[in-house]
Each structure stands twice: as C-alpha cells, then as structure tokens.
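Trainee: File protein-v5.txt below, compact mmCIF, C-alpha atoms:
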```
# COMPACT_ATOMS: atom_id res chain seq x y z
CA MET V 1 96.65 116.66 106.47
CA GLU V 2 94.34 115.33 103.78
CA LYS V 3 96.39 117.06 101.06
CA LEU V 4 99.59 115.53 102.45
CA LYS V 5 97.93 112.12 102.45
CA GLN V 6 96.84 112.54 98.81
CA LEU V 7 100.29 113.71 97.69
CA THR V 8 102.04 110.88 99.53
CA THR V 9 99.66 108.30 98.07
CA ALA V 10 100.12 109.72 94.56
CA LEU V 11 103.92 109.63 94.86
CA LEU V 12 103.80 106.08 96.20
CA SER V 13 101.66 105.04 93.24
CA LEU V 14 104.02 106.72 90.74
CA THR V 15 107.00 105.05 92.41
CA LYS V 16 105.35 101.64 92.09
CA GLU V 17 104.47 102.39 88.46
CA ALA V 18 108.10 103.33 87.69
CA GLU V 19 109.41 100.25 89.49
CA ALA V 20 107.09 97.92 87.59
CA PHE V 21 108.07 99.53 84.27
CA TYR V 22 111.77 99.31 85.12
CA ILE V 23 111.65 95.65 86.15
CA ASP V 24 109.08 94.37 83.65
CA VAL V 25 110.00 96.37 80.54
CA VAL V 26 113.38 98.10 80.77
CA LYS V 27 115.24 95.12 82.22
CA GLN V 28 113.30 92.38 80.39
CA ASP V 29 112.71 93.66 76.85
CA LYS V 30 116.02 93.46 74.97
CA ALA V 31 114.56 95.58 72.15
CA TYR V 32 113.52 98.37 74.56
CA GLU V 33 114.78 101.81 73.60
CA VAL V 34 114.54 104.96 75.69
CA ASP V 35 111.85 107.37 74.49
CA PHE V 36 112.86 110.58 76.25
CA TYR V 37 110.07 112.84 74.96
CA GLY V 38 107.40 110.15 74.82
CA LYS V 39 108.00 108.45 78.19
CA VAL V 40 110.78 109.89 80.39
CA LYS V 41 109.97 113.60 80.28
CA PRO V 42 106.18 113.22 80.68
CA PHE V 43 106.69 110.91 83.67
CA ALA V 44 109.28 113.20 85.27
CA ASP V 45 106.94 116.16 84.66
CA ARG V 46 104.28 114.33 86.70
CA VAL V 47 106.61 113.34 89.56
CA GLN V 48 108.75 116.43 90.11
CA PRO V 49 106.02 119.03 90.85
CA LEU V 50 104.27 116.54 93.15
CA ALA V 51 107.55 115.84 94.96
CA GLN V 52 108.15 119.57 95.51
CA GLU V 53 104.61 120.11 96.77
CA TRP V 54 104.91 117.04 98.99
CA ALA V 55 108.12 118.40 100.53
CA SER V 56 106.45 121.71 101.36
CA GLU V 57 103.53 119.87 102.99
CA VAL V 58 105.48 117.18 104.85
CA LYS V 59 108.08 119.43 106.51
CA PRO V 60 105.59 121.39 108.66
CA PHE V 61 103.79 118.13 109.46
CA LEU V 62 107.02 116.54 110.70
CA MET V 63 107.82 119.64 112.78
CA GLN V 64 104.43 119.45 114.48
CA HIS V 65 104.29 115.69 114.95
CA TYR V 66 107.22 113.83 116.45
CA THR V 67 107.88 110.70 114.42
CA LYS V 68 110.25 107.84 115.14
CA LEU V 69 110.76 106.67 111.58
CA VAL V 70 110.68 109.81 109.41
CA HIS V 71 112.83 112.87 109.96
CA ILE V 72 113.01 116.17 108.12
CA SER V 73 116.50 115.34 106.85
CA GLN V 74 114.96 112.46 104.88
CA VAL V 75 112.57 114.75 103.02
CA GLU V 76 115.15 116.34 100.69
CA GLN V 77 116.81 112.97 100.13
CA THR V 78 113.45 111.49 99.20
CA VAL V 79 112.76 114.34 96.76
CA GLU V 80 116.17 113.65 95.15
CA ASN V 81 115.42 109.92 95.08
CA LEU V 82 112.07 110.63 93.43
CA ASP V 83 114.00 112.43 90.66
CA VAL V 84 116.14 109.31 90.26
CA VAL V 85 113.01 107.15 90.17
CA ALA V 86 111.35 109.46 87.63
CA ILE V 87 114.27 109.46 85.22
CA LYS V 88 116.60 106.49 85.66
CA SER V 89 113.74 103.98 85.71
CA PHE V 90 113.56 104.36 81.93
CA TYR V 91 117.23 103.67 81.21
CA PRO V 92 118.58 100.12 80.78
CA SER V 93 122.02 101.34 81.88
CA SER V 94 120.66 102.04 85.39
CA GLY V 95 121.99 99.35 87.69
CA MET V 96 119.34 96.98 89.04
CA ARG V 97 120.70 96.87 92.58
CA ARG V 98 121.03 100.61 92.99
CA GLN V 99 117.66 101.31 91.38
CA ARG V 100 115.93 98.76 93.62
CA GLU V 101 117.53 100.36 96.70
CA THR V 102 116.23 103.75 95.57
CA PHE V 103 112.70 102.38 95.12
CA LYS V 104 112.91 100.76 98.54
CA SER V 105 114.13 103.96 100.20
CA VAL V 106 111.38 106.08 98.64
CA ARG V 107 108.69 103.53 99.54
CA PHE V 108 109.97 103.36 103.13
CA VAL V 109 109.67 107.12 103.66
CA LEU V 110 106.33 107.50 101.86
CA GLU V 111 104.73 104.51 103.59
CA ASN V 112 105.92 105.73 106.98
CA VAL V 113 104.59 109.23 106.32
CA LEU V 114 101.19 107.63 105.62
CA GLU V 115 101.45 105.73 108.93
CA GLU V 116 102.36 108.91 110.80
CA ILE V 117 99.36 110.70 109.26
CA LYS V 118 97.10 107.91 110.56
CA ILE V 119 98.62 108.21 114.04
CA ALA V 120 98.28 112.02 113.99
CA GLN V 121 94.61 111.78 112.99
CA VAL V 122 93.92 109.52 115.97
CA ASP V 123 95.63 111.82 118.49
```
Show how you would write the structure in this file as structure tokens.

Mentor:
Amino acid sequence: MEKLKQLTTALLSLTKEAEAFYIDVVKQDKAYEVDFYGKVKPFADRVQPLAQEWASEVKPFLMQHYTKLVHISQVEQTVENLDVVAIKSFYPSSGMRRQRETFKSVRFVLENVLEEIKIAQVD
C-alpha cells in the first residue's frame, strides 16, 4: 500500500505542476512556444511510466477494498487523462475549459485513492 501511496502522491504532484505551467505560462505568456524535446517529451516520459505502474498497483487495491468514490473503470480513464495532462498542458491550442476539467478529474481520482488508502490502513 505504501508504494501505491507514493505513486499516487507523485502523480498528483505532477498533475499540479502541469496545471500550474499550463495556466501560468502557456495561457499567459503570448511569446510562449512549444518545446517538444525540451519540455513536452521529458515531462510525458516522467508521467506515463508512473501512470502505468499506478494502474497496476491501484486495480488490485480497489478489488480488495470496496470504495464509494473510486471504481476500477475510472483507472483506465485516469491513465488516459494523465496522458492528456502530460502532453496537452504544453500546447496553447488546448482549450482552457477542457484542460481544467481534465485536471479536475485526475485530481478527484488521485485524491480519493489517497483517502481510500488512509481508510484501508485504519481497518
């Protein structure tokens, strides 16, 4: 469970980092240009393996621990959303509303997984 907690916390941190960059730099700096090899790819290369490892850790956890707010069906969607976060957060053409909804969705699942881990550790 400790590994799941670490992975979830790391992904939450990366999501917040991407969101801050998207809102503070991509959408504010009119001179901003996408640096695929310098920014996008390195960030995606950090997120994607963690997201895959997280999925393989969280699925068995969810099967063993009944949760009201997080279901296995949300895991694959969250992994896909993490891909969106990892890549589209660096592109000015990404729509603000849709990108914010993706951040919100990812945060919701990750934060609730952390809550469920706390509950499971108490049981």

Trainee: So what do you get for atom CA of V:Asp35 versus atom CA of V:Val84, distance-wise?

Mentor: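 We find that atom CA of V:Asp35 and atom CA of V:Val84 lie 16.5 Å from each other.
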
Trainee: From the options V:Ile87, V:Ile23, V:Met96, V:Leu11, which residue's atoms come nearest to V:Ala51, counting all atoms listed in the file?

Mentor: V:Leu11

Trainee: Just checking: using all atoms listed in the file, which residue out of V:Pro92, V:Val47, V:Arg100, V:Thr67 ends up closest to V:Lys30?

Mentor: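 Answer, going by the shortest atom-to-atom distance: V:Pro92.
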
Trainee: For V:Gln77, please output as an MDAnalysis selection string all residues within 12 Å (counting only C-alpha atoms; exclusion window: fewer than 3 positions along the same chain).

Mentor: chainID V and resid 51:52 55 70:74 80:84 102 105:106 109:110

Trainee: Please provide as a PyMOL selection string all residues within 12 Å of V:Gln121, with the sequence filter that same-chain residues fewer than 3 positions apart are discarded (counting all atoms listed in the file).

Mentor: chain V and resi 1-2+5+61+65+114-118
